[in-house]
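What follows is the content of work-v2.cif, which has mmCIF, C-alpha atoms and all ligand atoms:
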```cif
data_model
loop_
_atom_site.label_atom_id
_atom_site.label_comp_id
_atom_site.auth_asym_id
_atom_site.auth_seq_id
_atom_site.Cartn_x
_atom_site.Cartn_y
_atom_site.Cartn_z
CA MET X 207 -40.04 -35.26 -15.94
CA SER X 208 -37.98 -38.29 -16.91
CA VAL X 209 -38.37 -41.41 -14.75
CA HIS X 210 -34.57 -41.66 -14.84
CA GLN X 211 -33.25 -39.18 -12.30
CA GLU X 212 -29.96 -37.74 -13.44
CA ILE X 213 -27.17 -38.69 -11.04
CA LYS X 214 -25.06 -35.72 -10.02
CA ARG X 215 -21.40 -36.72 -9.94
CA ILE X 216 -19.17 -35.89 -7.00
CA THR X 217 -16.29 -33.65 -8.07
CA VAL X 218 -13.35 -32.15 -6.22
CA HIS X 219 -15.34 -28.89 -6.08
CA VAL X 220 -18.30 -30.65 -4.45
CA LEU X 221 -15.96 -31.91 -1.70
CA GLN X 222 -14.61 -28.42 -1.05
CA ALA X 223 -18.16 -27.04 -0.90
CA MET X 224 -19.05 -29.77 1.60
CA LYS X 225 -16.21 -28.66 3.84
CA ALA X 226 -17.28 -25.02 3.51
CA ARG X 227 -20.78 -25.85 4.76
CA GLY X 228 -19.54 -28.24 7.46
CA GLU X 229 -20.84 -31.45 5.89
CA LYS X 230 -18.64 -34.48 6.58
CA ILE X 231 -17.19 -36.41 3.62
CA THR X 232 -17.29 -40.22 3.37
CA MET X 233 -14.56 -42.22 1.66
CA LEU X 234 -14.01 -46.00 1.51
CA THR X 235 -11.58 -48.16 -0.42
CA GLY X 236 -12.72 -50.13 -3.47
CA TYR X 237 -10.73 -52.44 -5.69
CA ASP X 238 -13.26 -54.35 -7.81
CA PHE X 239 -16.45 -53.91 -9.82
CA SER X 240 -18.94 -55.66 -7.51
CA MET X 241 -17.89 -53.96 -4.27
CA ALA X 242 -17.54 -50.54 -5.93
CA ARG X 243 -21.12 -50.82 -7.15
CA ILE X 244 -22.35 -51.45 -3.60
CA LEU X 245 -20.31 -48.54 -2.20
CA ASP X 246 -21.57 -46.18 -4.89
CA GLU X 247 -25.22 -47.18 -4.45
CA ALA X 248 -24.87 -46.79 -0.66
CA GLY X 249 -23.88 -43.16 -1.19
CA VAL X 250 -20.17 -42.99 -0.35
CA GLU X 251 -18.78 -39.80 -1.87
CA VAL X 252 -15.21 -40.90 -2.63
CA ILE X 253 -13.96 -44.36 -3.56
CA LEU X 254 -10.25 -44.75 -3.02
CA VAL X 255 -8.55 -47.40 -5.11
CA GLY X 256 -5.96 -47.71 -2.38
CA ASP X 257 -2.64 -49.47 -2.60
CA SER X 258 -4.01 -51.34 0.44
CA ALA X 259 -5.15 -53.67 -2.38
CA SER X 260 -1.63 -55.03 -1.94
CA ASN X 261 -2.69 -56.23 1.54
CA VAL X 262 -6.36 -57.10 1.31
CA MET X 263 -6.60 -58.29 -2.30
CA ALA X 264 -3.14 -59.79 -2.88
CA GLY X 265 -2.16 -60.86 0.66
CA HIS X 266 1.14 -58.97 0.86
CA GLU X 267 2.38 -57.77 4.24
CA THR X 268 2.92 -54.19 3.02
CA THR X 269 1.70 -51.88 0.27
CA LEU X 270 5.10 -51.82 -1.42
CA PRO X 271 4.83 -54.73 -3.89
CA ILE X 272 1.74 -53.57 -5.83
CA THR X 273 2.57 -52.33 -9.34
CA LEU X 274 1.23 -49.50 -11.48
CA ASP X 275 -0.29 -52.04 -13.91
CA GLN X 276 -2.10 -53.77 -11.02
CA MET X 277 -3.42 -50.43 -9.69
CA ILE X 278 -4.72 -49.60 -13.17
CA TYR X 279 -6.46 -53.00 -13.36
CA HIS X 280 -8.20 -52.40 -10.00
CA ALA X 281 -9.06 -48.78 -10.88
CA SER X 282 -10.60 -49.62 -14.26
CA SER X 283 -12.79 -52.30 -12.60
CA VAL X 284 -14.05 -49.68 -10.11
CA VAL X 285 -14.63 -47.07 -12.83
CA ARG X 286 -16.93 -49.48 -14.73
CA ALA X 287 -19.15 -49.80 -11.65
CA VAL X 288 -19.47 -46.24 -10.40
CA LYS X 289 -22.05 -43.64 -11.43
CA ARG X 290 -21.71 -41.01 -8.70
CA ALA X 291 -18.62 -41.23 -6.48
CA LEU X 292 -15.31 -39.50 -7.15
CA ILE X 293 -12.68 -42.16 -7.86
CA VAL X 294 -9.19 -41.52 -6.49
CA VAL X 295 -6.30 -43.89 -7.23
CA ASP X 296 -3.14 -44.35 -5.18
CA LEU X 297 0.09 -43.85 -7.09
CA PRO X 298 1.93 -46.98 -5.93
CA PHE X 299 5.39 -47.13 -4.36
CA GLY X 300 8.07 -46.59 -7.01
CA ALA X 301 5.74 -44.85 -9.46
CA TYR X 302 6.49 -41.28 -8.36
CA GLN X 303 9.26 -40.95 -5.78
CA GLY X 304 12.23 -40.95 -8.17
CA SER X 305 11.54 -38.03 -10.51
CA SER X 306 8.71 -35.67 -11.35
CA ARG X 307 8.77 -36.91 -14.94
CA VAL X 308 8.22 -40.52 -13.86
CA ALA X 309 5.48 -39.28 -11.50
CA LEU X 310 3.70 -37.46 -14.31
CA GLU X 311 3.94 -40.47 -16.64
CA SER X 312 2.49 -42.73 -13.92
CA ALA X 313 -0.38 -40.34 -13.19
CA ILE X 314 -1.18 -39.96 -16.89
CA ARG X 315 -1.26 -43.75 -17.32
CA ILE X 316 -3.74 -44.04 -14.43
CA MET X 317 -6.03 -41.33 -15.83
CA LYS X 318 -5.88 -42.55 -19.45
CA GLU X 319 -6.04 -46.31 -18.89
CA SER X 320 -8.50 -46.49 -15.98
CA GLY X 321 -10.76 -43.48 -16.43
CA ALA X 322 -10.41 -42.49 -12.75
CA HIS X 323 -10.73 -38.88 -11.62
CA ALA X 324 -7.72 -38.16 -9.40
CA VAL X 325 -4.56 -39.61 -7.87
CA LYS X 326 -3.30 -39.79 -4.28
CA MET X 327 0.35 -39.50 -3.25
CA GLU X 328 2.10 -39.99 0.11
CA GLY X 329 4.43 -37.29 1.43
CA GLY X 330 4.97 -33.54 1.75
CA ALA X 331 7.87 -31.28 0.78
CA GLU X 332 9.93 -34.21 -0.52
CA ILE X 333 7.42 -34.91 -3.33
CA ALA X 334 6.47 -31.27 -4.02
CA ASN X 335 7.98 -31.21 -7.54
CA SER X 336 6.07 -34.31 -8.57
CA VAL X 337 2.81 -32.97 -7.12
CA LYS X 338 3.31 -29.67 -8.97
CA ARG X 339 4.04 -31.37 -12.29
CA ILE X 340 1.03 -33.69 -12.07
CA LEU X 341 -1.25 -30.78 -11.13
CA SER X 342 0.10 -28.75 -14.05
CA ALA X 343 -1.13 -31.51 -16.38
CA GLY X 344 -4.65 -30.96 -15.03
CA ILE X 345 -4.75 -34.07 -12.85
CA PRO X 346 -6.29 -33.53 -9.39
CA VAL X 347 -4.05 -34.69 -6.53
CA MET X 348 -5.04 -35.82 -3.03
CA GLY X 349 -2.19 -35.64 -0.49
CA HIS X 350 -1.51 -38.14 2.30
CA LEU X 351 0.36 -37.22 5.51
CA GLY X 352 0.99 -38.76 8.93
CA LEU X 353 1.41 -42.52 8.79
CA THR X 354 2.36 -43.13 5.17
CA PRO X 355 2.48 -46.93 4.71
CA GLN X 356 4.81 -46.76 1.67
CA SER X 357 7.50 -45.56 4.15
CA ILE X 358 6.89 -48.32 6.68
CA TYR X 359 10.50 -49.52 6.60
CA LYS X 360 11.68 -45.99 7.43
CA PHE X 361 9.17 -45.62 10.31
CA GLY X 362 9.69 -49.19 11.56
CA THR X 363 6.17 -49.45 13.05
CA TYR X 364 2.52 -48.63 12.32
CA LYS X 365 2.24 -46.57 15.54
CA VAL X 366 0.60 -43.13 15.80
CA ARG X 367 2.68 -40.43 14.03
CA ALA X 368 3.41 -36.78 14.86
CA LYS X 369 3.01 -37.05 18.63
CA GLU X 370 6.22 -35.06 19.09
CA GLU X 371 6.33 -31.31 18.41
CA GLU X 372 8.93 -31.47 15.63
CA GLU X 373 7.04 -34.03 13.53
CA ALA X 374 3.71 -32.27 14.21
CA GLU X 375 5.23 -28.97 13.02
CA LYS X 376 6.52 -30.57 9.80
CA LEU X 377 3.10 -32.11 9.19
CA LYS X 378 1.41 -28.70 9.56
CA GLN X 379 3.89 -27.16 7.11
CA ASP X 380 3.48 -30.04 4.65
CA ALA X 381 -0.32 -29.73 4.78
CA LYS X 382 -0.11 -26.00 4.01
CA LEU X 383 2.38 -26.67 1.22
CA LEU X 384 0.12 -29.30 -0.39
CA GLU X 385 -2.82 -26.88 -0.23
CA ASP X 386 -0.71 -24.07 -1.74
CA LEU X 387 0.46 -26.38 -4.54
CA GLY X 388 -3.17 -27.06 -5.42
CA CYS X 389 -4.07 -30.43 -3.88
CA PHE X 390 -7.85 -30.79 -3.52
CA ALA X 391 -7.81 -32.77 -0.24
CA ILE X 392 -5.39 -34.44 2.18
CA VAL X 393 -5.62 -37.81 3.94
CA LEU X 394 -4.36 -37.64 7.54
CA GLU X 395 -3.48 -41.11 8.81
CA LYS X 396 -3.02 -42.10 12.45
CA ILE X 397 -2.16 -38.78 14.07
CA PRO X 398 -3.47 -37.23 17.32
CA ALA X 399 -7.03 -35.87 17.10
CA GLN X 400 -5.92 -32.46 18.35
CA LEU X 401 -3.36 -32.12 15.54
CA THR X 402 -6.05 -33.07 13.01
CA LYS X 403 -8.21 -30.27 14.43
CA VAL X 404 -5.45 -27.67 14.07
CA VAL X 405 -4.57 -28.77 10.53
CA SER X 406 -8.19 -29.02 9.37
CA GLU X 407 -9.02 -25.57 10.72
CA SER X 408 -5.95 -24.07 9.01
CA LEU X 409 -6.91 -25.34 5.53
CA ILE X 410 -9.61 -24.49 2.99
CA ILE X 411 -9.31 -27.92 1.37
CA PRO X 412 -10.83 -30.91 3.20
CA THR X 413 -8.89 -33.36 5.34
CA ILE X 414 -9.96 -37.01 5.32
CA GLY X 415 -8.92 -38.90 8.44
CA ILE X 416 -8.14 -42.51 9.22
CA GLY X 417 -7.27 -43.01 12.87
CA ALA X 418 -7.02 -39.22 13.06
CA GLY X 419 -10.09 -38.43 15.18
CA VAL X 420 -13.41 -36.70 14.75
CA HIS X 421 -12.13 -33.28 13.65
CA ALA X 422 -11.16 -34.32 10.11
CA ASP X 423 -13.52 -33.02 7.42
CA GLY X 424 -14.21 -36.59 6.34
CA GLN X 425 -13.39 -40.18 7.24
CA VAL X 426 -11.93 -43.11 5.32
CA LEU X 427 -11.62 -46.79 6.22
CA VAL X 428 -10.44 -49.84 4.34
CA THR X 429 -13.71 -51.46 3.28
CA HIS X 430 -12.56 -55.00 4.03
CA ASP X 431 -11.70 -53.93 7.59
CA MET X 432 -14.97 -52.12 8.35
CA LEU X 433 -17.02 -54.99 6.93
CA GLY X 434 -15.12 -57.58 8.98
CA ILE X 435 -13.78 -59.43 5.93
CA THR X 436 -10.29 -59.07 7.35
CA LYS X 437 -10.35 -60.63 10.80
CA ASP X 438 -7.08 -60.11 12.63
CA PHE X 439 -6.64 -56.36 12.07
CA GLN X 440 -8.21 -54.64 15.09
CA PRO X 441 -6.70 -51.19 15.71
CA ARG X 442 -8.46 -48.81 18.10
CA PHE X 443 -9.68 -46.52 15.30
CA LEU X 444 -11.50 -49.28 13.40
CA ARG X 445 -15.26 -49.63 13.84
CA ARG X 446 -16.61 -52.86 12.34
CA TYR X 447 -20.04 -52.46 10.72
CA ALA X 448 -20.41 -56.16 9.82
CA GLU X 449 -18.75 -59.52 10.44
CA LEU X 450 -18.65 -60.73 6.86
CA PHE X 451 -15.79 -63.19 7.34
CA ASP X 452 -17.99 -65.25 9.66
CA GLU X 453 -21.12 -64.70 7.60
CA ILE X 454 -19.49 -65.73 4.31
CA LYS X 455 -17.73 -68.68 5.96
CA GLY X 456 -21.08 -69.86 7.35
CA ALA X 457 -22.77 -69.56 3.96
CA VAL X 458 -19.97 -71.44 2.19
CA ALA X 459 -19.98 -74.21 4.82
CA GLN X 460 -23.76 -74.56 4.36
CA TYR X 461 -23.31 -74.81 0.57
CA CYS X 462 -20.68 -77.53 1.02
CA ALA X 463 -22.97 -79.42 3.41
CA ASP X 464 -25.94 -79.13 1.01
CA VAL X 465 -23.91 -80.46 -1.95
CA LYS X 466 -22.54 -83.38 0.08
CA ALA X 467 -26.07 -84.22 1.30
CA VAL X 468 -27.40 -84.12 -2.31
CA ASP X 469 -29.78 -81.39 -1.15
CA PHE X 470 -28.49 -78.87 -3.68
CA PRO X 471 -29.62 -78.50 -6.40
CA ASN X 472 -33.22 -79.53 -5.74
CA ASP X 473 -36.02 -80.06 -8.28
CA THR X 474 -36.71 -76.36 -8.71
CA GLU X 475 -33.04 -75.53 -9.18
CA GLN X 476 -32.46 -77.66 -12.27
CA TYR X 477 -33.67 -77.83 -15.91
O1 LIG C 1 -4.36 -47.50 0.53
C1 LIG C 1 -5.24 -47.13 1.32
O2 LIG C 1 -6.21 -47.84 1.57
C2 LIG C 1 -5.10 -45.82 1.94
C3 LIG C 1 -6.06 -45.49 3.02
C4 LIG C 1 -5.72 -46.20 4.26
C5 LIG C 1 -6.15 -44.02 3.24
O3 LIG C 1 -4.23 -45.09 1.60
#
```

If you convert what's in this file into structure tokens, what do you get?
Amino acid sequence: MSVHQEIKRITVHVLQAMKARGEKITMLTGYDFSMARILDEAGVEVILVGDSASNVMAGHETTLPITLDQMIYHASSVVRAVKRALIVVDLPFGAYQGSSRVALESAIRIMKESGAHAVKMEGGAEIANSVKRILSAGIPVMGHLGLTPQSIYKFGTYKVRAKEEEEAEKLKQDAKLLEDLGCFAIVLEKIPAQLTKVVSESLIIPTIGIGAGVHADGQVLVTHDMLGITKDFQPRFLRRYAELFDEIKGAVAQYCADVKAVDFPNDTEQY
């Protein structure tokens, strides 16, 4: 047997099989080569090149400013790092809402220029034509319902969505529609846990929750939030697994102190 174990890639079919056998799916965001390599080696099944790059990488207040070219840049950096995970890329605001033709062109650019495996789109019935057209080109689509940050100016706040019956009903119908159209999974963002349970049980395809409770078929977080690189964002749903802001700041301060004290580099650190 070869010493090099063959790495089995995660596909959309693997995710659906995981749901069928009740195994939870892990997804985290990735925007660059170095972090994507860590996520992949740690065993995360899906890396989402999220348009949250607009916030955590570029410092914008919302996800709206990021462009298709910038998403492709981030996605191609992630693709170069990853050997196992499925790589899903957000279609950014303005790249698919106007017409299904524009949507298809945007999705094709992402697939061709980055080498990623699938795209994600926010919305339900209102984007059905675009979803259908992208799927008909053979491009896997992940849906995204509930709090959809590209519509933040319509919602007005980042509060929990679909608490009222009417919005919950529309979300259930949209989820079914996305499954019927052929989406391979759906992100459910910031909705009541009980609604997530009902939706997840009604679908064959997996749901991936963020702030949507334990009943989703998988979970996603923004990597910079769960590692404590972002500091001020502290919603109830976020569990921090590290405090890297403080750790990195401490390391950098130590480096500065060592240079000032002529302690770095020492004899063994020079030629
Ligand atoms: O852009 C993003 O990071 C996302 C996740 C929050 C699901 O869409």

Using all atoms listed in the file, find each residue of chain X with at least one atom at most 10 Å away from an atom of ligand LIG 1 (chain C); report its shortest atom-to-atom pair and that distance in Å (one decimal), sort the rows by chain and rising residue number, and return the result as JSON lines.
```
{"residue": "X:Met233", "atom": "CA", "partner": "C:LIG1", "partner_atom": "C5", "distance": 8.7}
{"residue": "X:Leu234", "atom": "CA", "partner": "C:LIG1", "partner_atom": "O2", "distance": 8.0}
{"residue": "X:Thr235", "atom": "CA", "partner": "C:LIG1", "partner_atom": "O2", "distance": 5.7}
{"residue": "X:Gly236", "atom": "CA", "partner": "C:LIG1", "partner_atom": "O2", "distance": 8.5}
{"residue": "X:Tyr237", "atom": "CA", "partner": "C:LIG1", "partner_atom": "O2", "distance": 9.7}
{"residue": "X:Ile253", "atom": "CA", "partner": "C:LIG1", "partner_atom": "O2", "distance": 9.9}
{"residue": "X:Leu254", "atom": "CA", "partner": "C:LIG1", "partner_atom": "O2", "distance": 6.9}
{"residue": "X:Val255", "atom": "CA", "partner": "C:LIG1", "partner_atom": "O1", "distance": 7.0}
{"residue": "X:Gly256", "atom": "CA", "partner": "C:LIG1", "partner_atom": "O1", "distance": 3.3}
{"residue": "X:Asp257", "atom": "CA", "partner": "C:LIG1", "partner_atom": "O1", "distance": 4.1}
{"residue": "X:Ser258", "atom": "CA", "partner": "C:LIG1", "partner_atom": "O1", "distance": 3.9}
{"residue": "X:Ala259", "atom": "CA", "partner": "C:LIG1", "partner_atom": "O1", "distance": 6.9}
{"residue": "X:Ser260", "atom": "CA", "partner": "C:LIG1", "partner_atom": "O1", "distance": 8.4}
{"residue": "X:Asn261", "atom": "CA", "partner": "C:LIG1", "partner_atom": "O1", "distance": 8.9}
{"residue": "X:Val262", "atom": "CA", "partner": "C:LIG1", "partner_atom": "O2", "distance": 9.3}
{"residue": "X:Thr269", "atom": "CA", "partner": "C:LIG1", "partner_atom": "O1", "distance": 7.5}
{"residue": "X:Val295", "atom": "CA", "partner": "C:LIG1", "partner_atom": "O1", "distance": 8.8}
{"residue": "X:Asp296", "atom": "CA", "partner": "C:LIG1", "partner_atom": "O1", "distance": 6.6}
{"residue": "X:Leu297", "atom": "CA", "partner": "C:LIG1", "partner_atom": "O1", "distance": 9.5}
{"residue": "X:Pro298", "atom": "CA", "partner": "C:LIG1", "partner_atom": "O1", "distance": 9.0}
{"residue": "X:Lys326", "atom": "CA", "partner": "C:LIG1", "partner_atom": "O3", "distance": 8.0}
{"residue": "X:Met327", "atom": "CA", "partner": "C:LIG1", "partner_atom": "O3", "distance": 8.7}
{"residue": "X:Glu328", "atom": "CA", "partner": "C:LIG1", "partner_atom": "O3", "distance": 8.3}
{"residue": "X:Gly349", "atom": "CA", "partner": "C:LIG1", "partner_atom": "O3", "distance": 9.9}
{"residue": "X:His350", "atom": "CA", "partner": "C:LIG1", "partner_atom": "O3", "distance": 7.5}
{"residue": "X:Leu351", "atom": "CA", "partner": "C:LIG1", "partner_atom": "C5", "distance": 9.7}
{"residue": "X:Leu353", "atom": "CA", "partner": "C:LIG1", "partner_atom": "C4", "distance": 9.2}
{"residue": "X:Thr354", "atom": "CA", "partner": "C:LIG1", "partner_atom": "O3", "distance": 7.7}
{"residue": "X:Pro355", "atom": "CA", "partner": "C:LIG1", "partner_atom": "O3", "distance": 7.6}
{"residue": "X:Gln356", "atom": "CA", "partner": "C:LIG1", "partner_atom": "O3", "distance": 9.2}
{"residue": "X:Ile392", "atom": "CA", "partner": "C:LIG1", "partner_atom": "C5", "distance": 9.7}
{"residue": "X:Val393", "atom": "CA", "partner": "C:LIG1", "partner_atom": "C5", "distance": 6.3}
{"residue": "X:Leu394", "atom": "CA", "partner": "C:LIG1", "partner_atom": "C5", "distance": 7.9}
{"residue": "X:Glu395", "atom": "CA", "partner": "C:LIG1", "partner_atom": "C5", "distance": 6.8}
{"residue": "X:Lys396", "atom": "CA", "partner": "C:LIG1", "partner_atom": "C4", "distance": 9.5}
{"residue": "X:Ile414", "atom": "CA", "partner": "C:LIG1", "partner_atom": "C5", "distance": 8.2}
{"residue": "X:Gly415", "atom": "CA", "partner": "C:LIG1", "partner_atom": "C5", "distance": 7.8}
{"residue": "X:Ile416", "atom": "CA", "partner": "C:LIG1", "partner_atom": "C5", "distance": 6.5}
{"residue": "X:Gly417", "atom": "CA", "partner": "C:LIG1", "partner_atom": "C4", "distance": 9.3}
{"residue": "X:Gln425", "atom": "CA", "partner": "C:LIG1", "partner_atom": "C5", "distance": 9.1}
{"residue": "X:Val426", "atom": "CA", "partner": "C:LIG1", "partner_atom": "C5", "distance": 6.2}
{"residue": "X:Leu427", "atom": "CA", "partner": "C:LIG1", "partner_atom": "C4", "distance": 6.2}
{"residue": "X:Val428", "atom": "CA", "partner": "C:LIG1", "partner_atom": "O2", "distance": 5.4}
{"residue": "X:Thr429", "atom": "CA", "partner": "C:LIG1", "partner_atom": "O2", "distance": 8.5}
{"residue": "X:His430", "atom": "CA", "partner": "C:LIG1", "partner_atom": "O2", "distance": 9.9}
```

Go ahead and write the residues just picked, C-alpha atoms, as a PDB file, keeping the file's coordinate frame.
```pdb
ATOM      1  CA  MET X 233     -14.560 -42.220   1.660  1.00  0.00           C
ATOM      2  CA  LEU X 234     -14.010 -46.000   1.510  1.00  0.00           C
ATOM      3  CA  THR X 235     -11.580 -48.160  -0.420  1.00  0.00           C
ATOM      4  CA  GLY X 236     -12.720 -50.130  -3.470  1.00  0.00           C
ATOM      5  CA  TYR X 237     -10.730 -52.440  -5.690  1.00  0.00           C
ATOM      6  CA  ILE X 253     -13.960 -44.360  -3.560  1.00  0.00           C
ATOM      7  CA  LEU X 254     -10.250 -44.750  -3.020  1.00  0.00           C
ATOM      8  CA  VAL X 255      -8.550 -47.400  -5.110  1.00  0.00           C
ATOM      9  CA  GLY X 256      -5.960 -47.710  -2.380  1.00  0.00           C
ATOM     10  CA  ASP X 257      -2.640 -49.470  -2.600  1.00  0.00           C
ATOM     11  CA  SER X 258      -4.010 -51.340   0.440  1.00  0.00           C
ATOM     12  CA  ALA X 259      -5.150 -53.670  -2.380  1.00  0.00           C
ATOM     13  CA  SER X 260      -1.630 -55.030  -1.940  1.00  0.00           C
ATOM     14  CA  ASN X 261      -2.690 -56.230   1.540  1.00  0.00           C
ATOM     15  CA  VAL X 262      -6.360 -57.100   1.310  1.00  0.00           C
ATOM     16  CA  THR X 269       1.700 -51.880   0.270  1.00  0.00           C
ATOM     17  CA  VAL X 295      -6.300 -43.890  -7.230  1.00  0.00           C
ATOM     18  CA  ASP X 296      -3.140 -44.350  -5.180  1.00  0.00           C
ATOM     19  CA  LEU X 297       0.090 -43.850  -7.090  1.00  0.00           C
ATOM     20  CA  PRO X 298       1.930 -46.980  -5.930  1.00  0.00           C
ATOM     21  CA  LYS X 326      -3.300 -39.790  -4.280  1.00  0.00           C
ATOM     22  CA  MET X 327       0.350 -39.500  -3.250  1.00  0.00           C
ATOM     23  CA  GLU X 328       2.100 -39.990   0.110  1.00  0.00           C
ATOM     24  CA  GLY X 349      -2.190 -35.640  -0.490  1.00  0.00           C
ATOM     25  CA  HIS X 350      -1.510 -38.140   2.300  1.00  0.00           C
ATOM     26  CA  LEU X 351       0.360 -37.220   5.510  1.00  0.00           C
ATOM     27  CA  LEU X 353       1.410 -42.520   8.790  1.00  0.00           C
ATOM     28  CA  THR X 354       2.360 -43.130   5.170  1.00  0.00           C
ATOM     29  CA  PRO X 355       2.480 -46.930   4.710  1.00  0.00           C
ATOM     30  CA  GLN X 356       4.810 -46.760   1.670  1.00  0.00           C
ATOM     31  CA  ILE X 392      -5.390 -34.440   2.180  1.00  0.00           C
ATOM     32  CA  VAL X 393      -5.620 -37.810   3.940  1.00  0.00           C
ATOM     33  CA  LEU X 394      -4.360 -37.640   7.540  1.00  0.00           C
ATOM     34  CA  GLU X 395      -3.480 -41.110   8.810  1.00  0.00           C
ATOM     35  CA  LYS X 396      -3.020 -42.100  12.450  1.00  0.00           C
ATOM     36  CA  ILE X 414      -9.960 -37.010   5.320  1.00  0.00           C
ATOM     37  CA  GLY X 415      -8.920 -38.900   8.440  1.00  0.00           C
ATOM     38  CA  ILE X 416      -8.140 -42.510   9.220  1.00  0.00           C
ATOM     39  CA  GLY X 417      -7.270 -43.010  12.870  1.00  0.00           C
ATOM     40  CA  GLN X 425     -13.390 -40.180   7.240  1.00  0.00           C
ATOM     41  CA  VAL X 426     -11.930 -43.110   5.320  1.00  0.00           C
ATOM     42  CA  LEU X 427     -11.620 -46.790   6.220  1.00  0.00           C
ATOM     43  CA  VAL X 428     -10.440 -49.840   4.340  1.00  0.00           C
ATOM     44  CA  THR X 429     -13.710 -51.460   3.280  1.00  0.00           C
ATOM     45  CA  HIS X 430     -12.560 -55.000   4.030  1.00  0.00           C
TER      46      HIS X 430
END
```

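Our summary of the geometry notes that CA of Ile358 in chain X is positioned 27.8 Å from CA of Ser283 in chain X.
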
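Using only C-alpha atoms, the shortest contact distance between Ala448 in chain X and any of X:Leu310, X:Val250, X:Cys462, X:Leu433 is found at X:Leu433.
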
Do you know which residues are at most 8 Å from Phe299 in chain X counting all atoms listed in the file, after dropping those on the same chain fewer than 2 positions away, and could you put them as a PDB file with C-alpha atoms, keeping the file's coordinate frame?
```pdb
ATOM      1  CA  THR X 269       1.700 -51.880   0.270  1.00  0.00           C
ATOM      2  CA  LEU X 270       5.100 -51.820  -1.420  1.00  0.00           C
ATOM      3  CA  PRO X 271       4.830 -54.730  -3.890  1.00  0.00           C
ATOM      4  CA  ILE X 272       1.740 -53.570  -5.830  1.00  0.00           C
ATOM      5  CA  THR X 273       2.570 -52.330  -9.340  1.00  0.00           C
ATOM      6  CA  LEU X 297       0.090 -43.850  -7.090  1.00  0.00           C
ATOM      7  CA  ALA X 301       5.740 -44.850  -9.460  1.00  0.00           C
ATOM      8  CA  TYR X 302       6.490 -41.280  -8.360  1.00  0.00           C
ATOM      9  CA  GLN X 303       9.260 -40.950  -5.780  1.00  0.00           C
ATOM     10  CA  GLN X 356       4.810 -46.760   1.670  1.00  0.00           C
TER      11      GLN X 356
END
```

Expected axis-aligned box over every listed atom of range 447-460 of chain X, 6 Å added per side, centre plus edges in Å to one decimal, as AutoDock Vina command-line options:
```
--center_x -19.8 --center_y -63.5 --center_z 6.5 --size_x 20.0 --size_y 34.1 --size_z 20.5
```
